[in-house]
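The structure file entry.cif is reproduced below (mmCIF, C-alpha atoms).
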```cif
data_my_file
loop_
_atom_site.label_atom_id
_atom_site.label_comp_id
_atom_site.auth_asym_id
_atom_site.auth_seq_id
_atom_site.Cartn_x
_atom_site.Cartn_y
_atom_site.Cartn_z
CA MET A 20 18.79 -59.22 16.50
CA LYS A 21 21.38 -56.58 15.76
CA ARG A 22 19.72 -55.94 12.42
CA THR A 23 16.34 -55.26 14.06
CA LYS A 24 17.84 -52.67 16.40
CA THR A 25 19.56 -51.00 13.46
CA SER A 26 16.32 -50.98 11.50
CA ALA A 27 14.37 -49.57 14.45
CA THR A 28 17.07 -46.98 15.06
CA ARG A 29 16.99 -45.94 11.40
CA ARG A 30 13.21 -45.54 11.54
CA ARG A 31 13.48 -43.37 14.68
CA HIS A 32 16.21 -41.26 13.08
CA SER A 33 14.18 -40.96 9.89
CA ALA A 34 11.09 -39.90 11.82
CA THR A 35 13.14 -37.39 13.83
CA LEU A 36 14.70 -35.94 10.67
CA THR A 37 11.25 -35.68 9.05
CA VAL A 38 9.92 -33.74 12.05
CA ILE A 39 12.97 -31.45 12.06
CA ALA A 40 12.75 -30.85 8.29
CA THR A 41 9.02 -30.14 8.46
CA THR A 42 9.53 -27.74 11.38
CA LEU A 43 12.34 -25.91 9.57
CA LEU A 44 10.29 -25.66 6.38
CA THR A 45 7.29 -24.30 8.29
CA LEU A 46 9.43 -21.74 10.13
CA THR A 47 11.09 -20.69 6.88
CA LEU A 48 7.73 -20.19 5.16
CA LEU A 49 6.37 -18.23 8.11
CA ALA A 50 9.46 -16.03 8.23
CA ALA A 51 9.34 -15.42 4.48
CA ALA A 52 5.62 -14.55 4.37
CA PRO A 53 5.06 -10.81 4.32
CA ILE A 54 3.52 -9.67 7.57
CA LYS A 55 1.65 -6.90 5.79
CA ALA A 56 -0.30 -9.36 3.62
CA GLU A 57 -1.30 -11.47 6.64
CA GLN A 58 -3.00 -8.45 8.18
CA ALA A 59 -4.69 -7.35 4.97
CA SER A 60 -8.40 -7.84 4.61
CA VAL A 61 -9.62 -5.56 1.81
CA TYR A 62 -9.19 -6.29 -1.89
CA HIS A 63 -9.61 -3.90 -4.82
CA THR A 64 -9.78 -5.79 -8.12
CA VAL A 65 -9.79 -3.80 -11.35
CA VAL A 66 -10.41 -5.26 -14.79
CA PHE A 67 -9.72 -3.14 -17.89
CA TRP A 68 -10.59 -3.63 -21.54
CA LEU A 69 -8.20 -1.33 -23.36
CA LYS A 70 -8.95 0.50 -26.57
CA PRO A 71 -7.88 -1.43 -29.69
CA ASP A 72 -5.29 1.19 -30.65
CA THR A 73 -3.41 0.93 -27.32
CA THR A 74 0.20 0.06 -28.11
CA ASP A 75 2.23 -2.63 -26.37
CA THR A 76 4.47 0.13 -25.02
CA LYS A 77 1.48 1.88 -23.46
CA ILE A 78 0.18 -1.41 -22.01
CA ALA A 79 3.60 -2.00 -20.43
CA GLU A 80 3.49 1.54 -18.97
CA ILE A 81 0.00 0.94 -17.55
CA ILE A 82 1.16 -2.31 -15.95
CA ARG A 83 4.31 -0.67 -14.53
CA SER A 84 2.29 2.25 -13.16
CA ALA A 85 -0.27 0.00 -11.49
CA LYS A 86 2.45 -2.20 -9.98
CA ALA A 87 4.24 0.90 -8.66
CA MET A 88 1.16 1.73 -6.59
CA GLN A 89 2.43 -0.82 -4.08
CA ASP A 90 4.92 1.86 -3.03
CA LEU A 91 2.07 3.98 -1.65
CA PRO A 92 1.88 3.66 2.15
CA MET A 93 -1.74 2.48 2.24
CA VAL A 94 -1.22 -0.29 -0.36
CA GLU A 95 -0.06 -3.63 1.01
CA ASN A 96 0.52 -5.38 -2.33
CA VAL A 97 -0.40 -5.30 -6.02
CA LEU A 98 -0.92 -8.36 -8.20
CA ILE A 99 -1.25 -7.61 -11.91
CA GLY A 100 -1.47 -9.56 -15.12
CA THR A 101 -3.09 -10.30 -18.42
CA PRO A 102 -5.71 -12.94 -19.21
CA ILE A 103 -5.11 -16.62 -19.66
CA MET A 104 -6.99 -17.72 -22.76
CA SER A 105 -9.52 -20.44 -22.07
CA ASP A 106 -12.02 -22.60 -23.95
CA ARG A 107 -14.22 -22.81 -20.85
CA GLU A 108 -17.43 -20.82 -21.30
CA VAL A 109 -17.43 -19.66 -17.69
CA VAL A 110 -14.01 -17.95 -18.07
CA ASP A 111 -14.06 -14.37 -19.35
CA ASP A 112 -10.71 -13.87 -21.03
CA SER A 113 -11.83 -10.88 -23.10
CA PHE A 114 -10.17 -8.23 -20.89
CA SER A 115 -6.76 -6.67 -21.50
CA VAL A 116 -5.28 -6.30 -18.03
CA ALA A 117 -6.42 -6.88 -14.45
CA PHE A 118 -4.98 -6.16 -11.06
CA THR A 119 -5.79 -6.67 -7.42
CA MET A 120 -4.59 -4.31 -4.75
CA ILE A 121 -4.54 -5.44 -1.16
CA PHE A 122 -5.28 -3.07 1.72
CA LYS A 123 -5.25 -3.53 5.48
CA ASP A 124 -8.76 -2.13 5.88
CA GLU A 125 -11.48 -0.02 4.28
CA ALA A 126 -9.90 3.20 5.54
CA ALA A 127 -6.73 2.38 3.58
CA LEU A 128 -8.80 1.73 0.45
CA GLN A 129 -10.56 5.08 0.89
CA ALA A 130 -7.20 6.82 1.38
CA TYR A 131 -5.99 5.23 -1.86
CA ALA A 132 -9.07 6.47 -3.73
CA LEU A 133 -8.24 10.03 -2.64
CA ASP A 134 -4.47 9.79 -3.14
CA PRO A 135 -3.16 12.47 -5.57
CA HIS A 136 -0.59 10.12 -7.17
CA HIS A 137 -3.27 7.49 -7.79
CA LYS A 138 -5.59 10.11 -9.32
CA LYS A 139 -2.79 11.45 -11.56
CA ILE A 140 -1.76 8.01 -12.87
CA SER A 141 -5.37 7.04 -13.38
CA SER A 142 -6.32 10.18 -15.30
CA GLU A 143 -3.09 10.63 -17.30
CA VAL A 144 -1.69 7.14 -17.90
CA THR A 145 -4.52 4.63 -17.63
CA MET A 146 -8.00 5.99 -18.30
CA PRO A 147 -7.26 7.60 -21.69
CA HIS A 148 -6.71 4.05 -23.00
CA VAL A 149 -9.59 2.28 -21.24
CA ALA A 150 -12.63 1.32 -23.29
CA ARG A 151 -14.31 -0.37 -20.32
CA GLY A 152 -13.45 -0.97 -16.69
CA VAL A 153 -14.98 -2.93 -13.86
CA ILE A 154 -13.97 -2.67 -10.20
CA TYR A 155 -14.71 -5.14 -7.42
CA ASP A 156 -14.03 -4.10 -3.84
CA TYR A 157 -14.47 -6.76 -1.19
CA LYS A 158 -13.22 -7.79 2.23
CA ALA A 159 -12.01 -11.11 3.50
CA ASP A 160 -14.15 -13.00 5.97
#
```

Render the structure in this file as structure tokens.
Amino acid sequence: MKRTKTSATRRRHSATLTVIATTLLTLTLLAAAPIKAEQASVYHTVVFWLKPDTTDTKIAEIIRSAKAMQDLPMVENVLIGTPIMSDREVVDDSFSVAFTMIFKDEAALQAYALDPHHKKISSEVTMPHVARGVIYDYKAD
């Protein structure tokens, strides 16, 4: 009989600890999540095919410059990277670099398009090395 009570008590304690751990994990994740990104609803995805003679140093500069755009007040976040090679026919891995910028709303995206720093980096650092570019602007539902 004593064993049954101990077993039942252990199960209750285990269930209580599981609830507490889950609650703490959830609160930690919510506290760690950037508030700015939760409010964002507009995405600006850019895909570049760079000219064949673009050096690794220049590619690194383009990536650094694009990532630094997250310091502009209207930009919530910037995600940037290079393609993952794939054997799947549906995957286009032919590009050189791609990034997605996240904005709170369409007005912020329009402000970014007109921003002098953005225009300068685009015209002086990036575009001289771009053979082809595609941009997708969309909003979250």

Practice task
Could you please give me, as a ChimeraX atom specification, the residues of protein, DNA or RNA lying at most 12 Å from (-8.3, -1.4, -28.7) in the coordinate frame of the file, considering all atoms listed in the file?
Solution key: /A:67-75,77-78,113-115,147-151

Exercise for the section: Tell me, in Å to one decimal, how far atom CA of A:Tyr157 is from atom CA of A:Val94. Expected result: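 Pair atom CA of A:Tyr157 / atom CA of A:Val94 returns 14.8 Å.
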
Exercise for the section: Kindly indicate which residue among A:Thr145, A:Ser84, A:Thr76, A:Thr119 lies nearest to A:Thr64, using only C-alpha atoms for the distances. Expected result: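 Checking each candidate against A:Thr64, we get A:Thr119 as the closest.
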
Practice task
Take the point (-7.9, 0.0, -0.2) as written in the file and pick out every residue within 9 Å of it, counting all atoms listed in the file; give the list as a list in words.
Solution key: Val61, Tyr62, His63, Met93, Val94, Glu95, Met120, Ile121, Phe122, Lys123, Asp124, Glu125, Ala126, Ala127, Leu128, Gln129, Ala130, Tyr131, Ala132 and Asp156 of chain A

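Reported to one decimal place, the separation of atom CA of A:Thr101 from atom CA of A:Asp134 is 25.3 Å.
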
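In this model, the gap between atom CA of A:His137 and atom CA of A:Ala87 comes to 10.0 Å.
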
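Taking all atoms listed in the file into account, A:Ile81 lies nearest to A:Val144 out of the set A:Ile154, A:Ile99, A:Val66, A:Val144.
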